[in-house]
Each structure stands twice: as structure tokens, then as C-alpha cells.
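*Asks:* For reference, the file input.cif (mmCIF, C-alpha atoms) is included below:
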```cif
data_protein
#
loop_
_atom_site.group_PDB
_atom_site.id
_atom_site.type_symbol
_atom_site.label_atom_id
_atom_site.label_comp_id
_atom_site.auth_asym_id
_atom_site.auth_seq_id
_atom_site.Cartn_x
_atom_site.Cartn_y
_atom_site.Cartn_z
ATOM 1 C CA MET A 1 -56.296 72.714 128.665
ATOM 2 C CA LEU A 2 -57.295 75.036 125.843
ATOM 3 C CA GLN A 3 -56.939 78.350 127.659
ATOM 4 C CA GLY A 4 -53.371 78.959 126.505
ATOM 5 C CA ALA A 5 -53.867 77.731 122.959
ATOM 6 C CA ALA A 6 -53.751 80.234 120.110
ATOM 7 C CA PRO A 7 -57.007 80.465 118.121
ATOM 8 C CA SER A 8 -56.866 78.596 114.854
ATOM 9 C CA ALA A 9 -56.918 80.650 111.647
ATOM 10 C CA PRO A 10 -60.206 80.576 109.761
ATOM 11 C CA GLN A 11 -60.319 78.465 106.655
ATOM 12 C CA GLY A 12 -59.003 80.279 103.611
ATOM 13 C CA ALA A 13 -56.979 82.792 105.687
ATOM 14 C CA PRO A 14 -53.392 83.245 104.468
ATOM 15 C CA GLN A 15 -50.861 81.348 106.534
ATOM 16 C CA SER A 16 -47.713 83.177 107.609
ATOM 17 C CA SER A 17 -44.507 81.659 106.292
ATOM 18 C CA PRO A 18 -41.891 80.541 108.803
ATOM 19 C CA PRO A 19 -38.931 82.918 108.940
ATOM 20 C CA GLY A 20 -36.082 81.989 106.626
ATOM 21 C CA PRO A 21 -32.484 81.498 107.721
ATOM 22 C CA PRO A 22 -30.658 84.661 108.818
ATOM 23 C CA ARG A 23 -28.651 86.408 106.129
ATOM 24 C CA PRO A 24 -24.880 86.220 106.466
ATOM 25 C CA ALA A 25 -23.057 89.263 107.774
ATOM 26 C CA TYR A 26 -20.888 91.040 105.211
ATOM 27 C CA PRO A 27 -18.258 93.792 105.523
ATOM 28 C CA TRP A 28 -20.476 96.036 103.368
ATOM 29 C CA ALA A 29 -24.046 97.325 103.433
ATOM 30 C CA VAL A 30 -26.406 98.964 100.985
ATOM 31 C CA GLY A 31 -25.248 102.532 100.410
ATOM 32 C CA GLU A 32 -21.538 101.783 100.583
ATOM 33 C CA THR A 33 -19.962 103.928 97.871
ATOM 34 C CA LEU A 34 -16.261 103.982 97.071
ATOM 35 C CA THR A 35 -15.143 106.794 94.774
ATOM 36 C CA TYR A 36 -11.813 106.685 92.961
ATOM 37 C CA SER A 37 -9.659 109.113 91.042
ATOM 38 C CA ALA A 38 -8.659 107.633 87.700
ATOM 39 C CA LYS A 39 -5.305 108.286 86.054
ATOM 40 C CA LEU A 40 -3.980 107.176 82.692
ATOM 41 C CA GLY A 41 -0.292 106.928 83.404
ATOM 42 C CA MET A 42 0.472 110.296 85.020
ATOM 43 C CA LEU A 43 -2.487 112.052 83.375
ATOM 44 C CA SER A 44 -5.807 112.655 85.083
ATOM 45 C CA LEU A 45 -8.422 110.551 83.295
ATOM 46 C CA GLY A 46 -11.645 110.826 85.281
ATOM 47 C CA SER A 47 -13.249 108.898 88.129
ATOM 48 C CA GLY A 48 -14.600 105.520 89.134
ATOM 49 C CA THR A 49 -17.179 104.294 91.624
ATOM 50 C CA LEU A 50 -17.823 100.937 93.217
ATOM 51 C CA GLU A 51 -21.093 100.760 95.125
ATOM 52 C CA VAL A 52 -23.612 98.516 96.789
ATOM 53 C CA ALA A 53 -26.499 100.236 95.062
ATOM 54 C CA ARG A 54 -29.569 98.487 96.454
ATOM 55 C CA ILE A 55 -31.392 95.225 97.118
ATOM 56 C CA ASP A 56 -33.327 93.797 94.167
ATOM 57 C CA THR A 57 -35.140 90.559 93.467
ATOM 58 C CA VAL A 58 -34.086 88.347 90.558
ATOM 59 C CA ARG A 59 -36.559 85.573 89.738
ATOM 60 C CA GLY A 60 -37.675 85.469 93.359
ATOM 61 C CA THR A 61 -34.181 85.593 94.880
ATOM 62 C CA GLU A 62 -33.184 88.592 96.990
ATOM 63 C CA SER A 63 -30.006 89.979 95.469
ATOM 64 C CA PHE A 64 -27.441 92.704 95.956
ATOM 65 C CA ARG A 65 -27.087 95.076 93.049
ATOM 66 C CA PHE A 66 -23.386 95.896 92.772
ATOM 67 C CA ARG A 67 -22.343 98.656 90.393
ATOM 68 C CA PHE A 68 -18.905 99.535 89.058
ATOM 69 C CA ARG A 69 -18.501 102.583 86.837
ATOM 70 C CA LEU A 70 -15.412 104.052 85.175
ATOM 71 C CA GLN A 71 -15.596 107.396 83.391
ATOM 72 C CA GLY A 72 -12.764 109.167 81.670
ATOM 73 C CA LYS A 73 -11.675 111.299 78.764
ATOM 74 C CA THR A 74 -8.406 112.337 77.168
ATOM 75 C CA ILE A 75 -7.614 114.055 73.891
ATOM 76 C CA ILE A 76 -7.578 110.735 72.050
ATOM 77 C CA TYR A 77 -9.806 108.456 74.121
ATOM 78 C CA SER A 78 -13.057 108.504 76.116
ATOM 79 C CA LEU A 79 -14.921 105.850 78.050
ATOM 80 C CA ASP A 80 -17.975 105.405 80.233
ATOM 81 C CA ASP A 81 -18.065 101.772 81.290
ATOM 82 C CA VAL A 82 -20.637 100.330 83.703
ATOM 83 C CA LEU A 83 -20.819 96.829 85.157
ATOM 84 C CA GLU A 84 -23.880 95.782 87.153
ATOM 85 C CA SER A 85 -23.957 92.537 89.067
ATOM 86 C CA TYR A 86 -26.962 90.941 90.769
ATOM 87 C CA VAL A 87 -25.761 88.544 93.451
ATOM 88 C CA GLY A 88 -27.814 86.559 95.963
ATOM 89 C CA THR A 89 -27.740 88.022 99.478
ATOM 90 C CA HIS A 90 -27.749 84.558 101.070
ATOM 91 C CA ASP A 91 -25.356 82.667 98.819
ATOM 92 C CA LEU A 92 -23.256 85.340 97.025
ATOM 93 C CA ILE A 93 -23.968 83.730 93.640
ATOM 94 C CA SER A 94 -24.477 85.724 90.431
ATOM 95 C CA ARG A 95 -27.879 85.632 88.745
ATOM 96 C CA ARG A 96 -27.643 88.580 86.360
ATOM 97 C CA PHE A 97 -24.763 90.529 84.851
ATOM 98 C CA VAL A 98 -24.982 93.653 82.696
ATOM 99 C CA GLN A 99 -22.222 95.434 80.773
ATOM 100 C CA ASP A 100 -22.836 98.906 79.341
ATOM 101 C CA PHE A 101 -19.705 100.210 77.655
ATOM 102 C CA THR A 102 -19.306 103.420 75.686
ATOM 103 C CA GLU A 103 -15.787 103.876 74.380
ATOM 104 C CA ASN A 104 -14.945 106.630 71.892
ATOM 105 C CA ASP A 105 -18.693 107.217 71.540
ATOM 106 C CA LYS A 106 -19.289 103.609 70.452
ATOM 107 C CA PRO A 107 -21.836 101.907 72.753
ATOM 108 C CA LYS A 108 -21.797 98.208 73.533
ATOM 109 C CA HIS A 109 -24.418 96.475 75.656
ATOM 110 C CA ARG A 110 -24.449 92.916 76.982
ATOM 111 C CA ARG A 111 -26.904 91.356 79.414
ATOM 112 C CA TYR A 112 -26.610 87.885 80.876
ATOM 113 C CA GLU A 113 -29.257 85.951 82.792
ATOM 114 C CA ILE A 114 -27.562 83.281 84.903
ATOM 115 C CA PHE A 115 -29.419 80.195 86.157
ATOM 116 C CA PRO A 116 -27.095 78.475 88.666
ATOM 117 C CA ASP A 117 -29.641 75.819 89.686
ATOM 118 C CA SER A 118 -30.066 74.736 86.060
ATOM 119 C CA GLY A 119 -26.393 75.069 85.125
ATOM 120 C CA TYR A 120 -26.670 77.513 82.213
ATOM 121 C CA PHE A 121 -26.770 81.201 81.289
ATOM 122 C CA LEU A 122 -28.354 83.160 78.468
ATOM 123 C CA GLU A 123 -26.908 86.189 76.724
ATOM 124 C CA GLU A 124 -29.433 88.722 75.459
ATOM 125 C CA GLY A 125 -29.891 88.342 71.707
ATOM 126 C CA HIS A 126 -28.427 84.812 71.675
ATOM 127 C CA PRO A 127 -30.884 81.916 72.013
ATOM 128 C CA GLU A 128 -28.425 79.163 72.918
ATOM 129 C CA HIS A 129 -28.038 77.905 76.492
ATOM 130 C CA ARG A 130 -24.411 78.037 77.584
ATOM 131 C CA PRO A 131 -22.977 76.166 80.592
ATOM 132 C CA THR A 132 -22.258 77.841 83.909
ATOM 133 C CA PRO A 133 -20.651 76.324 87.032
ATOM 134 C CA ALA A 134 -22.611 75.503 90.172
ATOM 135 C CA ASP A 135 -21.696 78.707 92.063
ATOM 136 C CA PRO A 136 -21.122 81.293 89.325
ATOM 137 C CA LEU A 137 -19.628 84.753 89.794
ATOM 138 C CA ASP A 138 -19.288 87.554 87.261
ATOM 139 C CA ASP A 139 -16.560 90.169 86.870
ATOM 140 C CA ALA A 140 -18.045 92.760 89.250
ATOM 141 C CA ALA A 141 -19.057 90.149 91.824
ATOM 142 C CA PHE A 142 -15.418 89.106 92.248
ATOM 143 C CA PHE A 143 -14.677 92.495 93.842
ATOM 144 C CA TYR A 144 -16.974 91.460 96.691
ATOM 145 C CA PHE A 145 -16.130 87.763 96.719
ATOM 146 C CA VAL A 146 -12.492 88.523 97.598
ATOM 147 C CA ARG A 147 -13.687 90.687 100.493
ATOM 148 C CA VAL A 148 -15.098 87.636 102.297
ATOM 149 C CA THR A 149 -12.449 85.116 101.253
ATOM 150 C CA PRO A 150 -9.534 84.219 103.576
ATOM 151 C CA LEU A 151 -6.306 85.241 101.834
ATOM 152 C CA GLU A 152 -2.638 84.844 102.761
ATOM 153 C CA VAL A 153 0.446 86.483 101.293
ATOM 154 C CA GLY A 154 2.420 84.172 99.031
ATOM 155 C CA LYS A 155 -0.493 81.892 98.192
ATOM 156 C CA LYS A 156 -2.309 81.368 94.903
ATOM 157 C CA TYR A 157 -5.996 80.460 94.904
ATOM 158 C CA VAL A 158 -7.807 78.703 92.070
ATOM 159 C CA TYR A 159 -11.585 78.811 91.582
ATOM 160 C CA GLN A 160 -13.952 77.221 89.077
ATOM 161 C CA ARG A 161 -16.583 79.904 89.580
ATOM 162 C CA TYR A 162 -16.541 82.281 86.609
ATOM 163 C CA PHE A 163 -20.048 82.276 85.109
ATOM 164 C CA ARG A 164 -18.734 81.466 81.626
ATOM 165 C CA LYS A 165 -17.661 77.927 82.392
ATOM 166 C CA GLU A 166 -15.216 77.608 79.511
ATOM 167 C CA LYS A 167 -13.228 80.607 80.841
ATOM 168 C CA ASN A 168 -12.312 78.924 84.128
ATOM 169 C CA PRO A 169 -10.270 78.675 86.207
ATOM 170 C CA VAL A 170 -10.025 82.013 87.959
ATOM 171 C CA THR A 171 -6.749 82.511 89.799
ATOM 172 C CA ILE A 172 -6.028 84.994 92.589
ATOM 173 C CA GLU A 173 -2.441 85.355 93.702
ATOM 174 C CA VAL A 174 -1.626 87.320 96.856
ATOM 175 C CA THR A 175 1.740 88.751 95.905
ATOM 176 C CA LYS A 176 2.681 90.922 98.895
ATOM 177 C CA ARG A 177 1.545 93.370 101.567
ATOM 178 C CA GLU A 178 1.895 97.155 101.254
ATOM 179 C CA ARG A 179 0.816 100.153 103.334
ATOM 180 C CA LEU A 180 -1.461 102.739 101.731
ATOM 181 C CA GLU A 181 -3.255 105.829 102.980
ATOM 182 C CA LEU A 182 -7.044 105.989 103.111
ATOM 183 C CA PRO A 183 -9.105 109.125 102.391
ATOM 184 C CA ASP A 184 -9.593 109.687 106.153
ATOM 185 C CA GLY A 185 -5.820 110.027 106.595
ATOM 186 C CA SER A 186 -5.249 106.664 108.265
ATOM 187 C CA THR A 187 -2.613 104.275 106.948
ATOM 188 C CA VAL A 188 -3.419 100.584 106.644
ATOM 189 C CA ASP A 189 -1.809 97.353 105.516
ATOM 190 C CA CYS A 190 -3.105 96.140 102.174
ATOM 191 C CA LEU A 191 -2.949 92.778 100.471
ATOM 192 C CA VAL A 192 -1.869 93.074 96.831
ATOM 193 C CA LEU A 193 -3.912 90.687 94.680
ATOM 194 C CA HIS A 194 -3.274 89.574 91.109
ATOM 195 C CA PRO A 195 -6.556 88.164 89.738
ATOM 196 C CA VAL A 196 -6.691 86.492 86.318
ATOM 197 C CA ILE A 197 -9.725 85.409 84.276
ATOM 198 C CA ASP A 198 -9.408 84.118 80.708
ATOM 199 C CA THR A 199 -11.375 87.002 79.201
ATOM 200 C CA LYS A 200 -10.666 90.248 77.357
ATOM 201 C CA GLY A 201 -11.711 92.483 80.259
ATOM 202 C CA MET A 202 -10.072 94.007 83.292
ATOM 203 C CA PHE A 203 -9.007 90.641 84.699
ATOM 204 C CA SER A 204 -7.408 89.248 81.563
ATOM 205 C CA LYS A 205 -3.851 87.966 81.812
ATOM 206 C CA ARG A 206 -2.682 90.745 79.505
ATOM 207 C CA SER A 207 -4.174 93.436 81.780
ATOM 208 C CA GLU A 208 -1.898 92.429 84.677
ATOM 209 C CA THR A 209 -4.475 93.838 87.096
ATOM 210 C CA ARG A 210 -3.541 94.439 90.704
ATOM 211 C CA ILE A 211 -5.995 95.144 93.540
ATOM 212 C CA TRP A 212 -4.885 96.599 96.870
ATOM 213 C CA LEU A 213 -7.305 95.311 99.529
ATOM 214 C CA THR A 214 -7.162 96.484 103.149
ATOM 215 C CA ASP A 215 -5.931 93.669 105.388
ATOM 216 C CA ASP A 216 -8.640 94.194 107.988
ATOM 217 C CA ALA A 217 -12.273 93.285 108.545
ATOM 218 C CA ARG A 218 -13.501 95.844 105.978
ATOM 219 C CA ARG A 219 -11.430 94.502 103.053
ATOM 220 C CA LEU A 220 -11.773 97.777 101.138
ATOM 221 C CA PRO A 221 -10.334 97.997 97.600
ATOM 222 C CA VAL A 222 -8.012 100.986 98.024
ATOM 223 C CA GLN A 223 -6.323 100.863 94.628
ATOM 224 C CA ILE A 224 -6.890 99.075 91.308
ATOM 225 C CA ARG A 225 -4.403 99.104 88.448
ATOM 226 C CA SER A 226 -4.892 97.600 84.968
ATOM 227 C CA LYS A 227 -3.122 97.747 81.643
ATOM 228 C CA PHE A 228 -5.171 98.579 78.552
ATOM 229 C CA PRO A 229 -4.093 98.864 74.901
ATOM 230 C CA PHE A 230 -3.975 102.648 75.290
ATOM 231 C CA GLY A 231 -2.089 102.710 78.612
ATOM 232 C CA THR A 232 -2.246 101.831 82.310
ATOM 233 C CA ILE A 233 -5.236 103.024 84.355
ATOM 234 C CA THR A 234 -4.858 103.456 88.111
ATOM 235 C CA LEU A 235 -7.886 103.936 90.350
ATOM 236 C CA ARG A 236 -7.074 105.343 93.801
ATOM 237 C CA LEU A 237 -9.671 105.602 96.543
ATOM 238 C CA LYS A 238 -10.397 109.276 97.277
ATOM 239 C CA GLN A 239 -13.762 109.169 99.065
ATOM 240 C CA MET A 240 -15.660 106.486 100.943
ATOM 241 C CA VAL A 241 -19.195 106.307 102.269
ATOM 242 C CA LEU A 242 -19.353 103.374 104.682
ATOM 243 C CA PRO A 243 -22.753 102.615 106.229
ATOM 244 C CA PRO A 244 -22.631 100.266 109.207
ATOM 245 C CA ALA A 245 -21.880 96.784 107.858
ATOM 246 C CA THR A 246 -24.857 94.764 109.029
ATOM 247 C CA THR A 247 -26.764 91.944 107.427
ATOM 248 C CA ALA A 248 -27.530 91.871 103.757
ATOM 249 C CA SER A 249 -30.651 94.004 103.845
ATOM 250 C CA GLY A 250 -29.055 97.351 104.636
ATOM 251 C CA ARG A 251 -32.565 98.777 104.890
#
```
Show me the file's structure as C-alpha cells.
*Replies:*
Amino acid sequence: MLQGAAPSAPQGAPQSSPPGPPRPAYPWAVGETLTYSAKLGMLSLGSGTLEVARIDTVRGTESFRFRFRLQGKTIIYSLDDVLESYVGTHDLISRRFVQDFTENDKPKHRRYEIFPDSGYFLEEGHPEHRPTPADPLDDAAFFYFVRVTPLEVGKKYVYQRYFRKEKNPVTIEVTKRERLELPDGSTVDCLVLHPVIDTKGMFSKRSETRIWLTDDARRLPVQIRSKFPFGTITLRLKQMVLPPATTASGR
């Protein structure tokens, strides 16, 4: 009766943990890098990148590290803005958000630690606990959230998921469908999104941001357009590195 039984582990030996649930499949993988030309009106401004930089761990939770960077310079204005978002690979929930802005040589740094299970977030340098919703998302994370969200032309979607609870709701309106050309020469249908968050950033109501998202399984952001006090910035996809979209690990 015992011939087929596995030998028991000696006392004190480490026990192997049962495998966790499989990670969801996403239309991106680690190493995906989207590079954009940036124009201020008709003038060349610089470049932007949107990338799935790596897998990190935040307080024991495996997380994507998303990175959005916009660099540009004109005679009267310069900027080097970076957003970094740490989002759980299993639940697509934000746990850390970092803003590093340098505009006209004036740096500004903000770091947020987000605790979705406890319902609060902390801003670096500010001791008070501030409320966050149950499934929070930050500004950069929304670029990826919309890539896995069913969307239909003519519909408006409302979410209570922005990590600063008092700034909700977030609205995403799908205004129309347009055809745009990708860097590889192919032409694809794109959904034109109008996202609004009650903040002073890219998704503020005043910015009138539009995102052109391919209407296919990849959901690639092909174009992003926002109004700023100094003019309208248009980011147009000019190069794309697309590793095979597998599970979250991308390793």
C-alpha cells in the first residue's frame, strides 16, 4: 500500500507553497515600448515613450512597472515629465504612483503609496492618510486599463476608481472611430476616447485629451492629444517594440 506514496518531508524542512492562480493574459508584455513624436501645434517639440518597463514587487505584491515619459523643448518652454505606475499583475490595481516633472528647469517630485486593502494612500512628505477607492488606478495606469476594457462607440463610461477618491468619477467617452496608420505601414481602425479626471493633469476637463486606441486585440494608443496652457501637444506613434503578449510575467 505504501509503495506508491511519496516520502514525507523531514521535520523542519521547508514546505513548498501550492501554485497560485494563473495570471491573466494581457495585450502587452514586459519590454513593450511605444515611442511617439511630440508636436506643439505644428512645431516639433520632442518625443514621448510609453513602456512596460519591468516586473517589480510592492509590499509583497507582484506588479507591473509602467512608465510614461514626455520630453520636449522650444524657445520658450522645456519639459521632461515622467510618470511611473506600479500596478498588480493579477488585479490591475495601483499600489504606487510617482511623478517626476521638470518644466522650465523647475523640478517637482511626488510619490504616492497606495493601500487598496486598507482604503487609503499616503503622499510622500504628508503624514495624513487620505481615502482611496477599493480598486484604485492612477493616471498612467489608465492607459493600460482602457486596453482591457470593452468599449463601444457612442457610449460614455463612468468609474469610481481614481486613487484620489475625492477626484472621482472618471469618465471615458468613446466619441467615434477613425483610421490611422501605424509605424509598420498598416492602417487600422481606432476608437477615439475622451477621458476626464477632475485633476490638473493630462486628463483634466480643460485639457480636452483625446486618445486614439486601435480597435483590435492589441488596443495600442496610436495618438494622444492634450491642450496645455502653452498650446496643444500631439503625440503620434512612430516606433513600436511589441514582445509577444503572454501572461503578466514577460520573463
*Asks:* Here is a test: counting all atoms listed in the file, which residue of A:Thr187, A:Thr89, A:Thr35, A:Asn168 is nearest to A:Arg69?
*Replies:* A:Thr35
*Asks:* Evaluating the PyMOL selection byres ((chain A and resi 76) around 12) on the displayed file yields which residues, as a PDB file with C-alpha atoms, keeping the file's coordinate frame?
*Replies:*
```
ATOM      1  CA  LEU A  40      -3.980 107.176  82.692  1.00  0.00           C
ATOM      2  CA  LEU A  45      -8.422 110.551  83.295  1.00  0.00           C
ATOM      3  CA  GLY A  72     -12.764 109.167  81.670  1.00  0.00           C
ATOM      4  CA  LYS A  73     -11.675 111.299  78.764  1.00  0.00           C
ATOM      5  CA  THR A  74      -8.406 112.337  77.168  1.00  0.00           C
ATOM      6  CA  ILE A  75      -7.614 114.055  73.891  1.00  0.00           C
ATOM      7  CA  TYR A  77      -9.806 108.456  74.121  1.00  0.00           C
ATOM      8  CA  SER A  78     -13.057 108.504  76.116  1.00  0.00           C
ATOM      9  CA  LEU A  79     -14.921 105.850  78.050  1.00  0.00           C
ATOM     10  CA  GLU A 103     -15.787 103.876  74.380  1.00  0.00           C
ATOM     11  CA  ASN A 104     -14.945 106.630  71.892  1.00  0.00           C
ATOM     12  CA  ASP A 105     -18.693 107.217  71.540  1.00  0.00           C
ATOM     13  CA  PHE A 230      -3.975 102.648  75.290  1.00  0.00           C
ATOM     14  CA  GLY A 231      -2.089 102.710  78.612  1.00  0.00           C
TER      15      GLY A 231
END
```
*Asks:* Could you pull out every residue with an atom within 10 Å of (0.2, 100.5, 81.5), file coordinates, counting all atoms listed in the file, and send them as JSON, numbers by chain?
*Replies:* {"A": [40, 41, 207, 208, 209, 225, 226, 227, 228, 229, 230, 231, 232, 233, 234]}
*Asks:* Generate a file of the selected residues that holds C-alpha atoms, formatted as a PDB file, keeping the file's coordinate frame.
*Replies:*
```
ATOM      1  CA  LEU A  40      -3.980 107.176  82.692  1.00  0.00           C
ATOM      2  CA  GLY A  41      -0.292 106.928  83.404  1.00  0.00           C
ATOM      3  CA  SER A 207      -4.174  93.436  81.780  1.00  0.00           C
ATOM      4  CA  GLU A 208      -1.898  92.429  84.677  1.00  0.00           C
ATOM      5  CA  THR A 209      -4.475  93.838  87.096  1.00  0.00           C
ATOM      6  CA  ARG A 225      -4.403  99.104  88.448  1.00  0.00           C
ATOM      7  CA  SER A 226      -4.892  97.600  84.968  1.00  0.00           C
ATOM      8  CA  LYS A 227      -3.122  97.747  81.643  1.00  0.00           C
ATOM      9  CA  PHE A 228      -5.171  98.579  78.552  1.00  0.00           C
ATOM     10  CA  PRO A 229      -4.093  98.864  74.901  1.00  0.00           C
ATOM     11  CA  PHE A 230      -3.975 102.648  75.290  1.00  0.00           C
ATOM     12  CA  GLY A 231      -2.089 102.710  78.612  1.00  0.00           C
ATOM     13  CA  THR A 232      -2.246 101.831  82.310  1.00  0.00           C
ATOM     14  CA  ILE A 233      -5.236 103.024  84.355  1.00  0.00           C
ATOM     15  CA  THR A 234      -4.858 103.456  88.111  1.00  0.00           C
TER      16      THR A 234
END
```
*Asks:* Please identify all polymer residues lying at most 8 Å from the point (-21.6, 84.6, 90.3) (file coordinates), using only C-alpha atoms, and present the result as a PyMOL selection string.
*Replies:* chain A and resi 87+92-95+135-138+141-142+161-163
*Asks:* In Å, how far is it from atom CA of A:Asp80 to atom CA of A:Glu51?
*Replies:*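 That distance, rounded to one decimal, is 15.9 Å.
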*Asks:* With all atoms listed in the file as the basis for distance, which of A:His126, A:Thr214, A:Val174, A:Tyr144 is at the shortest distance from A:Leu237?
*Replies:*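 Closest candidate: A:Thr214.
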*Asks:* Quick one: residues within 8 Å of A:Pro131, all atoms listed in the file, excluding same-chain residues fewer than 4 positions away - as an MDAnalysis selection string?
*Replies:* chainID A and resid 119:121 164:166
*Asks:* Mind pulling up the distance from atom CA of A:Ser47 to atom CA of A:Pro243?
*Replies:*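 If I compute the distance from atom CA of A:Pro243 to atom CA of A:Ser47, I get 21.4 Å.
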*Asks:* So what does the PyMOL selection byres ((chain A and resi 61) around 10) actually pick up in this one, as a list in words?
*Replies:*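 Taken on the displayed file, the PyMOL selection byres ((chain A and resi 61) around 10) yields the residues Asp56, Thr57, Val58, Arg59, Gly60, Glu62, Ser63, Phe64, Tyr86, Val87, Gly88, Thr89, His90 and Arg95 of chain A.
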*Asks:* Record the distance separating atom CA of A:Ile172 and atom CA of A:Arg218, expressed in Å with one decimal.
*Replies:*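 According to the coordinates, atom CA of A:Ile172 and atom CA of A:Arg218 are separated by 18.8 Å.
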*Asks:* Go through the shown structure with the PyMOL selection byres ((chain A and resi 36) around 8) and write out the matching residues as a PyMOL selection string.
*Replies:* chain A and resi 34-35+37-38+47-49+235-239
*Asks:* Counting only C-alpha atoms, which of A:Ile197, A:Val188, A:Met202, A:Leu70 gets nearest to A:Asp216?
*Replies:* A:Val188
*Asks:* Between A:Arg65, A:Lys155, A:Arg96, A:Lys205, single out the one closest to A:Val52, counting all atoms listed in the file.
*Replies:*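 Among the listed residues, the smallest separation from A:Val52 belongs to A:Arg65.
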